[in-house]
Amino acid sequence: MTSIAIPKRYRPAALAGLAAAVASGCLLAPSAHADAGGVPRKADHRTLATFARIADDVLSRRTQALVEDRAGRGGQDAGAGTPRMSGRLRTDENAALRSLRARKSRLAQLGEAYTKADTRVVVDRATLTGSTATVQVTASSTLTYKKVRQDGPRTTAFSTRQELKLAGTKDGGWQLTAITSRNEGPVAVDEPSAARTNTVDDDGNQYPDGTPASTKYPTTPMPSGKTAGAYSYSAMAQYAEKYWRSYNPAYRKFNGAGGDCTNFVSQALKAGGWKPVPGSAYDYRNWWYESAGQSTSWVGVNEWAWFTLSNRRAPNLASAYQMDVGDVLQVDFDKDGSKDHTMLVTYRDRQGMPYLTYHDTDTYRRSLASLVASYPNARYFAYRT
């Protein structure tokens with residue numbers, strides 16, 4: 001095997017990319033820019049390491065834009081020291097970094113800051129066609145919370161999937177030409193683009209859509225009002241924090257089929273004691289999951305809201321800051337009347353900040369402040385389970 005010299009700062013990402021390539025059988029031996037007559041081919045191990053390094057460079061710079069440095073800045077523009085980019089992508093990436101620094105300022109106004117960022121990249125797939133490449137990667141990132149809140153969590157973490165387009169250069173290198181998110185649901189805190197929303201046609205019927213919750217800040221924390229009873233809220237949180245990244249194989253996944261967010265929250269609620277309501281899979285008043293199928297309310301964002309409100313299982317809260325462990329937050333990103341995403345509160349500090357864990361994009365303990373900073377104009381719905 002040929003030995004590859006990888007600079008120290010790139011070794012984790014490059015080795016991760018190589019490991020993924022070995023596992024998926026991606027290792028072939030043609031040179032990176034060999035002319036194969038337009039026939040797609042897989043990348044060799046040296047090229048995979050290069051792609052991993054390029055992705056790590058760009059995505060780490062985004063995450064670092066959210067971190068306070070000693071001068072109070074954080075994240076430089078995509079200039080010297082970054083991989084070669086097309087002119088248009090460099091302009092877009094600089095705009096993305098400015099957007100993320102603005103988000104950092106909004107977070108500070110909401111009482112949140114980060115002191116450290118760590119991003120690791122794995123190459124999932126790389127295909128070469130002529131002198132161009134399409135590379136799919138997964139980036140796993142961890143942000144360390146600044147101790148603004150004494151009993152707040154230490155970190156938040158998230159996993160994002162990106163697709164990179166690259167063009168070969170005359171000197172045998174690569175120029176990055178495009179970066180596209182492959183995530184469903186809300187953007188991660190280090191992603192500048194808008195979330196994809198699920199459009200639902202209006203069928204003319206009336207549904208129990210619920211009442212939006214206030215996200216006004218600062219706010220006076222309110223007691224949860226929860227008492228020990230039929231549900232175990234700690235079991236809900238423990239389930240979500242166990243399976244936020246490593247999915248439970250006992251359940252089907254719905255990534256790419258409308259999203260897995262509500263399916264994941266339904267699993268956690270069931271783990272905490274929610275009982276199924278049998279009946280037609282298409283009647284939103286029913287809620288169940290079986291090996292051969294599930295109700296639409298188990299997996300659908302709007303259908304879950306209709307189920308829980310019509311059955312009075314989880315009423316709306318007036319403020320999202322009233323949420324406690326085991327409560328549910330839904331978001332209508334573009335205020336079109338159709339809810340787009342479902343999340344579960346798995347931690348709440350003594351100052352009243354809820355932290356949410358969810359699928360699409362897979363995320364652990366993201367603060368409500370972070371969501372509001374990313375989507376200040378969205379409509380939020382909070383539910384007391």
# chains A, B, ... in the order shown; residues from 1 in each chain; ligands from 1

$ residues_around --residues "A:Tyr207" --least-positions-apart "4" --cutoff "12 Å" --atoms "only C-alpha atoms" --output "list in words"
Asp202, Asp203, Asp283, Tyr284, Arg285, Asn302, Glu303, Trp304, Ala305, Trp306, Phe307, Thr308, Leu309, Ser310, Gly337 and Ser338 of chain A

$ select_by_dssp --residues "stretch 106-230 of chain A" --states "helix (DSSP H, G or I)" --output "ChimeraX atom specification"
/A:106-109

$ residues_around --residues "A:Leu356" --least-positions-apart "2" --cutoff "8 Å" --atoms "only C-alpha atoms" --output "MDAnalysis selection string"
chainID A and resid 343:347 354 358 363:368

$ write_last_selection --atoms "all heavy atoms" --output "CSV table (one decimal), in the first residue's frame"
chain,number,residue,atom,x,y,z
A,343,MET,N,-39.6,18.4,17.7
A,343,MET,CA,-38.4,18.2,18.5
A,343,MET,C,-38.9,17.9,20.0
A,343,MET,O,-40.0,18.2,20.3
A,343,MET,CB,-37.5,19.5,18.5
A,343,MET,CG,-37.0,19.9,17.2
A,343,MET,SD,-36.4,21.6,17.1
A,343,MET,CE,-38.0,22.4,16.8
A,344,LEU,N,-38.0,17.3,20.7
A,344,LEU,CA,-38.2,16.9,22.1
A,344,LEU,C,-37.3,17.6,23.1
A,344,LEU,O,-36.1,17.7,22.8
A,344,LEU,CB,-38.1,15.4,22.3
A,344,LEU,CG,-38.5,14.9,23.7
A,344,LEU,CD1,-40.0,14.8,23.8
A,344,LEU,CD2,-37.9,13.5,24.0
A,345,VAL,N,-37.8,18.2,24.1
A,345,VAL,CA,-36.9,18.8,25.2
A,345,VAL,C,-36.3,17.7,26.0
A,345,VAL,O,-37.1,16.9,26.6
A,345,VAL,CB,-37.7,19.7,26.1
A,345,VAL,CG1,-36.8,20.3,27.2
A,345,VAL,CG2,-38.4,20.9,25.3
A,346,THR,N,-35.0,17.6,26.1
A,346,THR,CA,-34.3,16.6,26.9
A,346,THR,C,-33.5,17.2,28.0
A,346,THR,O,-33.0,16.4,28.8
A,346,THR,CB,-33.4,15.7,26.0
A,346,THR,OG1,-32.4,16.6,25.4
A,346,THR,CG2,-34.2,15.0,24.9
A,347,TYR,N,-33.5,18.5,28.2
A,347,TYR,CA,-32.8,19.1,29.3
A,347,TYR,C,-33.4,20.5,29.5
A,347,TYR,O,-33.8,21.2,28.5
A,347,TYR,CB,-31.3,19.2,29.1
A,347,TYR,CG,-30.5,19.7,30.3
A,347,TYR,CD1,-30.3,18.8,31.3
A,347,TYR,CD2,-30.1,21.0,30.3
A,347,TYR,CE1,-29.6,19.3,32.4
A,347,TYR,CE2,-29.4,21.5,31.4
A,347,TYR,CZ,-29.1,20.6,32.5
A,347,TYR,OH,-28.4,21.1,33.6
A,354,PRO,N,-34.9,25.7,27.7
A,354,PRO,CA,-35.0,24.3,27.2
A,354,PRO,C,-34.0,24.0,26.2
A,354,PRO,O,-33.6,24.8,25.4
A,354,PRO,CB,-36.4,24.3,26.6
A,354,PRO,CG,-37.0,25.7,26.9
A,354,PRO,CD,-35.9,26.6,27.2
A,358,TYR,N,-33.2,16.0,18.5
A,358,TYR,CA,-34.1,15.7,17.4
A,358,TYR,C,-33.4,15.0,16.2
A,358,TYR,O,-32.1,15.0,16.2
A,358,TYR,CB,-34.9,16.9,16.9
A,358,TYR,CG,-34.0,18.1,16.5
A,358,TYR,CD1,-33.6,18.2,15.2
A,358,TYR,CD2,-33.7,19.1,17.4
A,358,TYR,CE1,-32.8,19.3,14.8
A,358,TYR,CE2,-33.0,20.2,17.1
A,358,TYR,CZ,-32.5,20.3,15.8
A,358,TYR,OH,-31.7,21.4,15.4
A,363,THR,N,-29.5,16.1,16.0
A,363,THR,CA,-29.0,17.1,16.9
A,363,THR,C,-29.2,16.7,18.4
A,363,THR,O,-30.3,16.2,18.8
A,363,THR,CB,-29.7,18.5,16.6
A,363,THR,OG1,-29.3,18.9,15.3
A,363,THR,CG2,-29.2,19.5,17.6
A,364,TYR,N,-28.2,17.0,19.2
A,364,TYR,CA,-28.3,16.8,20.7
A,364,TYR,C,-28.2,18.1,21.5
A,364,TYR,O,-27.3,18.9,21.3
A,364,TYR,CB,-27.1,15.9,21.0
A,364,TYR,CG,-26.7,15.7,22.5
A,364,TYR,CD1,-27.4,14.8,23.3
A,364,TYR,CD2,-25.7,16.5,23.1
A,364,TYR,CE1,-27.1,14.7,24.6
A,364,TYR,CE2,-25.4,16.3,24.4
A,364,TYR,CZ,-26.1,15.4,25.2
A,364,TYR,OH,-25.8,15.3,26.5
A,365,ARG,N,-29.2,18.3,22.3
A,365,ARG,CA,-29.3,19.4,23.2
A,365,ARG,C,-29.0,20.8,22.6
A,365,ARG,O,-28.1,21.5,23.0
A,365,ARG,CB,-28.3,19.2,24.4
A,365,ARG,CG,-28.8,18.1,25.3
A,365,ARG,CD,-28.0,18.0,26.7
A,365,ARG,NE,-28.5,17.0,27.5
A,365,ARG,CZ,-28.1,16.7,28.8
A,365,ARG,NH1,-27.2,17.5,29.3
A,365,ARG,NH2,-28.6,15.7,29.5
A,366,ARG,N,-29.8,21.1,21.6
A,366,ARG,CA,-29.7,22.5,21.0
A,366,ARG,C,-30.6,23.4,21.8
A,366,ARG,O,-31.8,23.0,22.0
A,366,ARG,CB,-30.1,22.4,19.5
A,366,ARG,CG,-30.0,23.8,18.9
A,366,ARG,CD,-30.3,23.7,17.4
A,366,ARG,NE,-30.1,25.0,16.7
A,366,ARG,CZ,-30.2,25.1,15.4
A,366,ARG,NH1,-30.5,24.1,14.6
A,366,ARG,NH2,-30.0,26.3,14.9
A,367,SER,N,-30.2,24.5,22.2
A,367,SER,CA,-31.0,25.4,23.0
A,367,SER,C,-32.1,26.0,22.2
A,367,SER,O,-32.0,26.2,20.9
A,367,SER,CB,-30.1,26.5,23.6
A,367,SER,OG,-29.7,27.4,22.6
A,368,LEU,N,-33.2,26.4,22.9
A,368,LEU,CA,-34.2,27.1,22.2
A,368,LEU,C,-33.7,28.5,21.7
A,368,LEU,O,-34.1,28.9,20.6
A,368,LEU,CB,-35.4,27.4,23.2
A,368,LEU,CG,-36.5,28.3,22.7
A,368,LEU,CD1,-37.2,27.7,21.5
A,368,LEU,CD2,-37.5,28.6,23.9

$ closest_residue --among "A:Thr262, A:Gly300, A:Gln294, A:Thr215" --to "A:Gln322" --atoms "only C-alpha atoms"
A:Thr215

$ residues_around --residues "A:Leu143" --least-positions-apart "5" --cutoff "12 Å" --atoms "only C-alpha atoms" --output "number ranges by chain"
A: 60, 62-68, 112-119, 153-159, 188-190, 363-367, 370

$ select_by_dssp --residues "stretch 117-362 of chain A" --states "strand (DSSP E)" --output "ChimeraX atom specification"
/A:117-129,132-145,155-168,174-181,289-290,293-294,328-332,341-348,354-358
